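Undergrad: Would you mind keeping the following structure in view while I ask a few things?
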Amino acid sequence: MITPQLFSLNGAWSVLATPLDVDGEAGCCRVSAAVDSWMSAEVPGDIHLDLMRAGKMEEPEIGDNARRCRWPEEHAWWYRTTVTVDADFLTHERQELVFDGLDCSAQVFLNGAAIGTACNTFIAHRFNARGALREGENNLLVRLTAGTELIKDRPHLGDWFGDPIYASRNFTMQRFLRKPQYQYGWDWNDPLPTIGLWRGARLEGHSGIVFAEFRLDTVIEGEQVKLDGQALLENLHPWIERSCTLEIEIHPPQGEQIPFHATYSLPMGRTAVPLCIEIPHPQLWWPNGMGEQPLYTVIAKISRDGEICDHLEQTIGLRTVEIDRSPLVDGSRFCICVNGVEVFCRGGNWAPSDMIPARVTPARYQTLVAEAKTRTLPCSA
């Protein structure tokens with residue numbers, strides 16, 4: 001099978017609290033055997049939201065409630081669901097569990113086998129599931145903690161750096177966690193380290209050729225605008241060279257589609273393919289107050305033997321952003337230029353819109369950004 005298969009794992013899960021020392025495959029066996037004390041959970045989500053839905057926690061953002069809502073840090077939280085796959089899925093050359101957001105220290109188990117760990121809230125994580133998946137129902141467990149326990153017993157930062165100059169400074173160890181630092185207290189909120197699968201999760205099966213990376217940058221040369229970049233294509237077969245066709249469709253806000261078509265013969269592994277596409281009648285993106293913000297839709301597909309192996313879709317604005325640091329008699333300039341035009345920027349500081357980022361919906365972001373646009377003085381040249 002060449003056609004990719006993607007199965008969303010979002011929705012209803014179950015979650016169980018254990019002591020922090022319950023971990024690893026031994027912990028997985030213990031949790032898998034547990035019958036009682038499981039609680040309903042939602043993915044994407046956060047343990048504080050699950051606890052509030054179950055009536056076990058107050059709303060942290062009301063009054064000083066957050067100070068009484070930090071006890072989840074003292075536990076490990078095991079999220080559980082089942083994944084059902086058919087025999088066709090198991091024929092894919094690449095079978096991966098993908099988590100767009102694991103907060104924060106994570107261990108992932110599939111059918112009792114450990115398939116990966118993570119400790120970075122900010123990035124997506126991919127785990128190889130081939131060999132651990134079986135036809136029919138599969139048991140998926142994800143152990144998550146806030147990560148705070150990883151830094152509690154660490155030495156003072158001055159001891160880390162071996163320099164006495166740091167001994168008198170008030171450094172906190174949570175800076176070593178790849179986690180939003182405001183969750184340990186900021187000027188606008190009390191500390192509330194979050195825990196959960198805070199972005200989506202899915203199972204992916206791919207064969208043939210896939211996108212490893214895809215990038216298009218705007219280049220403006222006088223009246224001419226082009227997209228310059230590269231596609232990093234990956235041949236998933238370990239020893240056979242394969243041919244493929246790359247098709248790119250660029251749909252402007254108004255006007256006709258701009259096509260790109262090329263055929264390649266790819267060795268094993270990854271191959272960088274350069275891209276250069278001229279944009280007729282370009283509609284540039286401008287900052288608020290300087291013009292419109294038209295967006296182009298880019299659709300890219302890789303096909304082999306007439307079947308699509310992989311595809312992606314994204315929106316882009318045609319713009320360049322540069323900082324002019326040209327020298328002056330004393331020092332140098334610091335001027336932001338958009339599309340070659342100098343911009344005097346005005347604006348405000350964006351603070352996270354919720355103590356629990358998992359419950360900030362796209363619609364809420366849209367509303368807040370739209371309000372900021374209408375209430376902020378526009379940029380001017």
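Chain labels follow the order of the structure tokens: the first chain is A, the next B, and so on; residue numbering restarts at 1 in every chain, and ligands are counted from 1 in their shown order.
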Using backbone DSSP assignments, extract all strand (DSSP E) residues from range 61-261 of chain A; output them as an mmCIF file with N, CA and C atoms, in the first residue's frame.

TA:
data_model
loop_
_atom_site.group_PDB
_atom_site.id
_atom_site.type_symbol
_atom_site.label_atom_id
_atom_site.label_comp_id
_atom_site.auth_asym_id
_atom_site.auth_seq_id
_atom_site.Cartn_x
_atom_site.Cartn_y
_atom_site.Cartn_z
ATOM 1 N N HIS A 75 2.326 13.663 41.379
ATOM 2 C CA HIS A 75 1.880 12.361 40.861
ATOM 3 C C HIS A 75 2.350 12.174 39.421
ATOM 4 N N ALA A 76 2.382 10.904 39.022
ATOM 5 C CA ALA A 76 2.495 10.568 37.602
ATOM 6 C C ALA A 76 1.089 10.290 37.097
ATOM 7 N N TRP A 77 0.816 10.728 35.869
ATOM 8 C CA TRP A 77 -0.522 10.585 35.292
ATOM 9 C C TRP A 77 -0.419 9.713 34.048
ATOM 10 N N TRP A 78 -1.117 8.574 34.089
ATOM 11 C CA TRP A 78 -1.063 7.595 33.006
ATOM 12 C C TRP A 78 -2.323 7.732 32.142
ATOM 13 N N TYR A 79 -2.118 8.173 30.912
ATOM 14 C CA TYR A 79 -3.224 8.317 29.959
ATOM 15 C C TYR A 79 -3.332 7.033 29.134
ATOM 16 N N ARG A 80 -4.568 6.551 28.961
ATOM 17 C CA ARG A 80 -4.782 5.255 28.303
ATOM 18 C C ARG A 80 -5.840 5.363 27.215
ATOM 19 N N THR A 81 -5.577 4.681 26.090
ATOM 20 C CA THR A 81 -6.579 4.526 25.043
ATOM 21 C C THR A 81 -6.267 3.260 24.258
ATOM 22 N N THR A 82 -7.151 2.891 23.343
ATOM 23 C CA THR A 82 -6.888 1.762 22.455
ATOM 24 C C THR A 82 -6.795 2.258 21.019
ATOM 25 N N VAL A 83 -5.937 1.615 20.248
ATOM 26 C CA VAL A 83 -5.702 1.961 18.847
ATOM 27 C C VAL A 83 -6.016 0.723 18.017
ATOM 28 N N THR A 84 -6.955 0.839 17.088
ATOM 29 C CA THR A 84 -7.338 -0.308 16.266
ATOM 30 C C THR A 84 -6.785 -0.144 14.855
ATOM 31 N N VAL A 85 -6.037 -1.134 14.393
ATOM 32 C CA VAL A 85 -5.473 -1.092 13.037
ATOM 33 C C VAL A 85 -5.816 -2.388 12.309
ATOM 34 N N ARG A 94 6.594 2.794 7.078
ATOM 35 C CA ARG A 94 6.770 3.603 8.285
ATOM 36 C C ARG A 94 5.446 3.649 9.036
ATOM 37 N N GLN A 95 5.492 3.266 10.315
ATOM 38 C CA GLN A 95 4.315 3.297 11.194
ATOM 39 C C GLN A 95 4.718 4.078 12.444
ATOM 40 N N GLU A 96 4.066 5.219 12.666
ATOM 41 C CA GLU A 96 4.488 6.105 13.738
ATOM 42 C C GLU A 96 3.313 6.588 14.578
ATOM 43 N N LEU A 97 3.576 6.708 15.871
ATOM 44 C CA LEU A 97 2.687 7.439 16.764
ATOM 45 C C LEU A 97 3.210 8.861 16.853
ATOM 46 N N VAL A 98 2.335 9.831 16.601
ATOM 47 C CA VAL A 98 2.744 11.235 16.555
ATOM 48 C C VAL A 98 1.973 11.997 17.623
ATOM 49 N N PHE A 99 2.729 12.707 18.462
ATOM 50 C CA PHE A 99 2.135 13.552 19.494
ATOM 51 C C PHE A 99 2.596 14.982 19.243
ATOM 52 N N SER A 105 7.329 15.596 30.931
ATOM 53 C CA SER A 105 8.159 14.388 30.926
ATOM 54 C C SER A 105 7.279 13.197 30.583
ATOM 55 N N ALA A 106 7.607 12.521 29.480
ATOM 56 C CA ALA A 106 6.710 11.491 28.941
ATOM 57 C C ALA A 106 7.427 10.165 28.719
ATOM 58 N N GLN A 107 6.697 9.082 28.983
ATOM 59 C CA GLN A 107 7.094 7.730 28.595
ATOM 60 C C GLN A 107 5.923 7.132 27.822
ATOM 61 N N VAL A 108 6.220 6.525 26.659
ATOM 62 C CA VAL A 108 5.158 6.006 25.790
ATOM 63 C C VAL A 108 5.293 4.496 25.684
ATOM 64 N N PHE A 109 4.184 3.790 25.911
ATOM 65 C CA PHE A 109 4.161 2.326 25.898
ATOM 66 C C PHE A 109 3.066 1.854 24.942
ATOM 67 N N LEU A 110 3.410 0.904 24.101
ATOM 68 C CA LEU A 110 2.454 0.315 23.162
ATOM 69 C C LEU A 110 2.434 -1.183 23.375
ATOM 70 N N ALA A 113 5.147 -2.486 25.645
ATOM 71 C CA ALA A 113 6.550 -2.245 25.277
ATOM 72 C C ALA A 113 6.838 -0.749 25.254
ATOM 73 N N ALA A 114 7.961 -0.352 25.829
ATOM 74 C CA ALA A 114 8.373 1.051 25.799
ATOM 75 C C ALA A 114 8.866 1.393 24.403
ATOM 76 N N ILE A 115 8.277 2.441 23.790
ATOM 77 C CA ILE A 115 8.701 2.809 22.434
ATOM 78 C C ILE A 115 9.322 4.206 22.379
ATOM 79 N N GLY A 116 9.375 4.916 23.521
ATOM 80 C CA GLY A 116 10.035 6.220 23.470
ATOM 81 C C GLY A 116 9.777 7.055 24.705
ATOM 82 N N THR A 117 10.627 8.074 24.859
ATOM 83 C CA THR A 117 10.486 9.045 25.940
ATOM 84 C C THR A 117 10.621 10.445 25.354
ATOM 85 N N ALA A 118 10.181 11.439 26.121
ATOM 86 C CA ALA A 118 10.282 12.832 25.680
ATOM 87 C C ALA A 118 10.290 13.726 26.903
ATOM 88 N N CYS A 119 10.864 14.918 26.755
ATOM 89 C CA CYS A 119 10.842 15.900 27.833
ATOM 90 C C CYS A 119 10.962 17.291 27.233
ATOM 91 N N HIS A 125 6.522 15.094 18.775
ATOM 92 C CA HIS A 125 7.366 13.915 18.956
ATOM 93 C C HIS A 125 6.800 12.766 18.120
ATOM 94 N N ARG A 126 7.706 12.047 17.466
ATOM 95 C CA ARG A 126 7.339 10.889 16.656
ATOM 96 C C ARG A 126 8.013 9.643 17.218
ATOM 97 N N PHE A 127 7.237 8.561 17.352
ATOM 98 C CA PHE A 127 7.768 7.316 17.891
ATOM 99 C C PHE A 127 7.487 6.180 16.908
ATOM 100 N N ASN A 128 8.528 5.395 16.636
ATOM 101 C CA ASN A 128 8.396 4.269 15.733
ATOM 102 C C ASN A 128 7.545 3.188 16.375
ATOM 103 N N GLY A 136 -5.768 -5.420 14.867
ATOM 104 C CA GLY A 136 -6.836 -5.349 15.850
ATOM 105 C C GLY A 136 -6.562 -4.284 16.886
ATOM 106 N N GLU A 137 -6.989 -4.520 18.125
ATOM 107 C CA GLU A 137 -6.846 -3.527 19.182
ATOM 108 C C GLU A 137 -5.438 -3.517 19.768
ATOM 109 N N ASN A 138 -4.927 -2.304 20.008
ATOM 110 C CA ASN A 138 -3.624 -2.106 20.624
ATOM 111 C C ASN A 138 -3.798 -1.190 21.832
ATOM 112 N N ASN A 139 -3.095 -1.494 22.905
ATOM 113 C CA ASN A 139 -3.185 -0.707 24.127
ATOM 114 C C ASN A 139 -2.078 0.334 24.159
ATOM 115 N N LEU A 140 -2.476 1.594 24.273
ATOM 116 C CA LEU A 140 -1.525 2.701 24.302
ATOM 117 C C LEU A 140 -1.579 3.379 25.662
ATOM 118 N N LEU A 141 -0.415 3.505 26.312
ATOM 119 C CA LEU A 141 -0.289 4.179 27.591
ATOM 120 C C LEU A 141 0.768 5.276 27.469
ATOM 121 N N VAL A 142 0.455 6.452 27.994
ATOM 122 C CA VAL A 142 1.406 7.558 28.022
ATOM 123 C C VAL A 142 1.510 8.053 29.457
ATOM 124 N N ARG A 143 2.693 7.892 30.053
ATOM 125 C CA ARG A 143 2.937 8.388 31.417
ATOM 126 C C ARG A 143 3.468 9.815 31.329
ATOM 127 N N LEU A 144 2.827 10.739 32.048
ATOM 128 C CA LEU A 144 3.213 12.143 31.996
ATOM 129 C C LEU A 144 3.372 12.704 33.405
ATOM 130 N N THR A 145 4.373 13.544 33.569
ATOM 131 C CA THR A 145 4.529 14.326 34.789
ATOM 132 C C THR A 145 4.834 15.769 34.389
ATOM 133 N N ALA A 201 -2.983 14.039 18.875
ATOM 134 C CA ALA A 201 -2.231 12.792 18.731
ATOM 135 C C ALA A 201 -2.825 11.998 17.575
ATOM 136 N N ARG A 202 -1.978 11.229 16.899
ATOM 137 C CA ARG A 202 -2.465 10.453 15.759
ATOM 138 C C ARG A 202 -1.508 9.298 15.460
ATOM 139 N N LEU A 203 -2.013 8.368 14.670
ATOM 140 C CA LEU A 203 -1.219 7.254 14.157
ATOM 141 C C LEU A 203 -1.057 7.459 12.661
ATOM 142 N N GLU A 204 0.171 7.382 12.170
ATOM 143 C CA GLU A 204 0.442 7.610 10.751
ATOM 144 C C GLU A 204 1.120 6.387 10.139
ATOM 145 N N GLY A 205 0.670 6.030 8.925
ATOM 146 C CA GLY A 205 1.314 4.986 8.139
ATOM 147 C C GLY A 205 1.702 5.534 6.779
ATOM 148 N N HIS A 206 2.987 5.380 6.413
ATOM 149 C CA HIS A 206 3.485 5.906 5.145
ATOM 150 C C HIS A 206 4.328 4.855 4.430
ATOM 151 N N ILE A 209 7.623 7.488 -0.838
ATOM 152 C CA ILE A 209 8.387 8.727 -0.665
ATOM 153 C C ILE A 209 7.560 9.671 0.197
ATOM 154 N N VAL A 210 8.194 10.353 1.156
ATOM 155 C CA VAL A 210 7.476 11.291 2.019
ATOM 156 C C VAL A 210 8.249 12.605 2.108
ATOM 157 N N PHE A 211 7.540 13.644 2.547
ATOM 158 C CA PHE A 211 8.185 14.923 2.852
ATOM 159 C C PHE A 211 8.860 14.831 4.217
ATOM 160 N N ALA A 212 10.153 15.112 4.255
ATOM 161 C CA ALA A 212 10.839 15.272 5.539
ATOM 162 C C ALA A 212 10.799 16.733 5.958
ATOM 163 N N GLU A 213 10.934 17.645 4.977
ATOM 164 C CA GLU A 213 10.817 19.085 5.215
ATOM 165 C C GLU A 213 10.315 19.731 3.929
ATOM 166 N N PHE A 214 9.748 20.928 4.076
ATOM 167 C CA PHE A 214 9.284 21.675 2.907
ATOM 168 C C PHE A 214 9.357 23.154 3.259
ATOM 169 N N ARG A 215 10.036 23.927 2.413
ATOM 170 C CA ARG A 215 10.233 25.344 2.725
ATOM 171 C C ARG A 215 10.173 26.182 1.457
ATOM 172 N N LEU A 216 9.439 27.305 1.525
ATOM 173 C CA LEU A 216 9.390 28.274 0.446
ATOM 174 C C LEU A 216 9.594 29.662 1.038
ATOM 175 N N ASP A 217 10.596 30.389 0.550
ATOM 176 C CA ASP A 217 10.896 31.746 1.021
ATOM 177 C C ASP A 217 10.608 32.754 -0.089
ATOM 178 N N THR A 218 10.089 33.907 0.303
ATOM 179 C CA THR A 218 9.799 34.967 -0.665
ATOM 180 C C THR A 218 11.078 35.695 -1.053
ATOM 181 N N VAL A 219 11.259 35.899 -2.339
ATOM 182 C CA VAL A 219 12.381 36.685 -2.868
ATOM 183 C C VAL A 219 11.798 37.780 -3.759
ATOM 184 N N ILE A 220 12.106 39.037 -3.448
ATOM 185 C CA ILE A 220 11.601 40.166 -4.230
ATOM 186 C C ILE A 220 12.772 40.823 -4.939
ATOM 187 N N GLU A 221 12.692 40.889 -6.256
ATOM 188 C CA GLU A 221 13.730 41.521 -7.074
ATOM 189 C C GLU A 221 13.042 42.509 -8.009
ATOM 190 N N GLN A 224 9.646 41.709 -9.742
ATOM 191 C CA GLN A 224 9.510 40.254 -9.806
ATOM 192 C C GLN A 224 9.517 39.646 -8.402
ATOM 193 N N VAL A 225 8.609 38.698 -8.192
ATOM 194 C CA VAL A 225 8.537 37.964 -6.927
ATOM 195 C C VAL A 225 8.576 36.478 -7.235
ATOM 196 N N LYS A 226 9.397 35.762 -6.485
ATOM 197 C CA LYS A 226 9.455 34.312 -6.650
ATOM 198 C C LYS A 226 9.549 33.643 -5.292
ATOM 199 N N LEU A 227 9.196 32.372 -5.273
ATOM 200 C CA LEU A 227 9.334 31.549 -4.085
ATOM 201 C C LEU A 227 10.540 30.647 -4.270
ATOM 202 N N ASP A 228 11.497 30.767 -3.375
ATOM 203 C CA ASP A 228 12.756 30.042 -3.473
ATOM 204 C C ASP A 228 12.896 29.172 -2.228
ATOM 205 N N GLY A 229 13.177 27.888 -2.380
ATOM 206 C CA GLY A 229 13.301 27.029 -1.208
ATOM 207 C C GLY A 229 13.700 25.632 -1.595
ATOM 208 N N GLN A 230 13.265 24.656 -0.810
ATOM 209 C CA GLN A 230 13.585 23.274 -1.132
ATOM 210 C C GLN A 230 12.576 22.323 -0.490
ATOM 211 N N ALA A 231 12.464 21.156 -1.103
ATOM 212 C CA ALA A 231 11.710 20.043 -0.535
ATOM 213 C C ALA A 231 12.713 18.962 -0.166
ATOM 214 N N LEU A 232 12.663 18.506 1.067
ATOM 215 C CA LEU A 232 13.520 17.404 1.501
ATOM 216 C C LEU A 232 12.682 16.134 1.414
ATOM 217 N N LEU A 233 12.977 15.310 0.399
ATOM 218 C CA LEU A 233 12.192 14.113 0.124
ATOM 219 C C LEU A 233 12.903 12.890 0.695
ATOM 220 N N GLU A 234 12.135 12.001 1.295
ATOM 221 C CA GLU A 234 12.730 10.818 1.923
ATOM 222 C C GLU A 234 12.192 9.540 1.283
ATOM 223 N N ASN A 235 13.102 8.751 0.726
ATOM 224 C CA ASN A 235 12.791 7.428 0.194
ATOM 225 C C ASN A 235 12.813 6.446 1.364
ATOM 226 N N ARG A 242 14.165 4.892 -6.025
ATOM 227 C CA ARG A 242 12.792 5.021 -6.490
ATOM 228 C C ARG A 242 12.606 6.331 -7.225
ATOM 229 N N SER A 243 11.690 6.334 -8.197
ATOM 230 C CA SER A 243 11.324 7.565 -8.885
ATOM 231 C C SER A 243 10.014 8.081 -8.309
ATOM 232 N N CYS A 244 9.831 9.391 -8.397
ATOM 233 C CA CYS A 244 8.591 9.989 -7.909
ATOM 234 C C CYS A 244 8.326 11.279 -8.663
ATOM 235 N N THR A 245 7.102 11.764 -8.557
ATOM 236 C CA THR A 245 6.708 13.038 -9.155
ATOM 237 C C THR A 245 6.287 13.987 -8.042
ATOM 238 N N LEU A 246 6.852 15.192 -8.098
ATOM 239 C CA LEU A 246 6.484 16.235 -7.142
ATOM 240 C C LEU A 246 5.614 17.255 -7.856
ATOM 241 N N GLU A 247 4.412 17.474 -7.329
ATOM 242 C CA GLU A 247 3.494 18.470 -7.879
ATOM 243 C C GLU A 247 3.193 19.516 -6.813
ATOM 244 N N ILE A 248 3.295 20.781 -7.201
ATOM 245 C CA ILE A 248 2.976 21.875 -6.288
ATOM 246 C C ILE A 248 1.950 22.778 -6.956
ATOM 247 N N GLU A 249 0.881 23.063 -6.234
ATOM 248 C CA GLU A 249 -0.142 24.001 -6.710
ATOM 249 C C GLU A 249 -0.145 25.201 -5.772
ATOM 250 N N ILE A 250 -0.023 26.393 -6.338
ATOM 251 C CA ILE A 250 -0.077 27.610 -5.551
ATOM 252 C C ILE A 250 -1.331 28.376 -5.962
ATOM 253 N N HIS A 251 -2.240 28.534 -5.028
ATOM 254 C CA HIS A 251 -3.512 29.186 -5.313
ATOM 255 C C HIS A 251 -3.482 30.598 -4.740
ATOM 256 N N ILE A 258 -1.020 28.549 -9.881
ATOM 257 C CA ILE A 258 0.360 28.521 -10.389
ATOM 258 C C ILE A 258 0.902 27.108 -10.187
ATOM 259 N N PRO A 259 1.190 26.361 -11.282
ATOM 260 C CA PRO A 259 1.601 24.963 -11.124
ATOM 261 C C PRO A 259 3.119 24.790 -11.117
ATOM 262 N N PHE A 260 3.555 23.689 -10.512
ATOM 263 C CA PHE A 260 4.955 23.247 -10.575
ATOM 264 C C PHE A 260 4.928 21.733 -10.647
ATOM 265 N N HIS A 261 5.769 21.163 -11.531
ATOM 266 C CA HIS A 261 5.754 19.720 -11.763
ATOM 267 C C HIS A 261 7.166 19.265 -12.102
#

Undergrad: Within 8 Å of Pro191 in chain A, counting only C-alpha atoms, which residues qualify if same-chain residues fewer than 5 places away don't, as a tab-separated table (two decimals) with N, CA and C atoms, in the first residue's frame?

TA:
chain	number	residue	atom	x	y	z
A	66	ALA	N	-5.20	28.80	42.21
A	66	ALA	CA	-4.05	28.13	41.61
A	66	ALA	C	-3.08	27.63	42.68
A	67	ARG	N	-3.01	28.31	43.80
A	67	ARG	CA	-2.08	27.91	44.85
A	67	ARG	C	-2.50	26.59	45.51
A	182	TYR	N	6.45	30.76	32.32
A	182	TYR	CA	5.42	31.46	33.09
A	182	TYR	C	4.64	30.51	33.99
A	183	GLN	N	4.70	29.19	33.70
A	183	GLN	CA	3.95	28.23	34.51
A	183	GLN	C	4.53	28.07	35.91
A	184	TYR	N	5.70	28.64	36.14
A	184	TYR	CA	6.26	28.65	37.49
A	184	TYR	C	6.15	30.03	38.13
A	185	GLY	N	5.24	30.85	37.60
A	185	GLY	CA	4.96	32.16	38.16
A	185	GLY	C	5.46	33.29	37.30
A	186	TRP	N	4.59	34.29	37.07
A	186	TRP	CA	4.94	35.47	36.26
A	186	TRP	C	4.23	36.67	36.88

Undergrad: Would you mind listing what lies within 9 Å of Tyr365 in chain A as a ChimeraX atom specification, with only C-alpha atoms counted and same-chain residues fewer than 5 positions away left out?

TA: /A:353,360,370

Undergrad: Using only C-alpha atoms, which of A:Asn288, A:Ala26, A:Thr148, A:Leu192 sits nearest Glu59 in chain A?

TA: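 Between A:Asn288, A:Ala26, A:Thr148, A:Leu192, the residue approaching Glu59 in chain A most closely is A:Leu192.
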
Undergrad: Find the residue from A:Thr91, A:Ser32, A:Gln174, A:Gln181 that sits nearest to Asn111 in chain A; use only C-alpha atoms when measuring.

TA: A:Ser32

Undergrad: Using DSSP on the backbone coordinates, identify the residues of range 125-278 of chain A assigned to alpha helix (DSSP H); present them as a count of residues only.

TA: 5

Undergrad: Using only C-alpha atoms for the distances, tell me which of A:Pro357, A:Trp286, A:Arg333, A:Leu318 is nearest to Thr121 in chain A.

TA: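 The answer is A:Pro357, which sits nearest to Thr121 in chain A.
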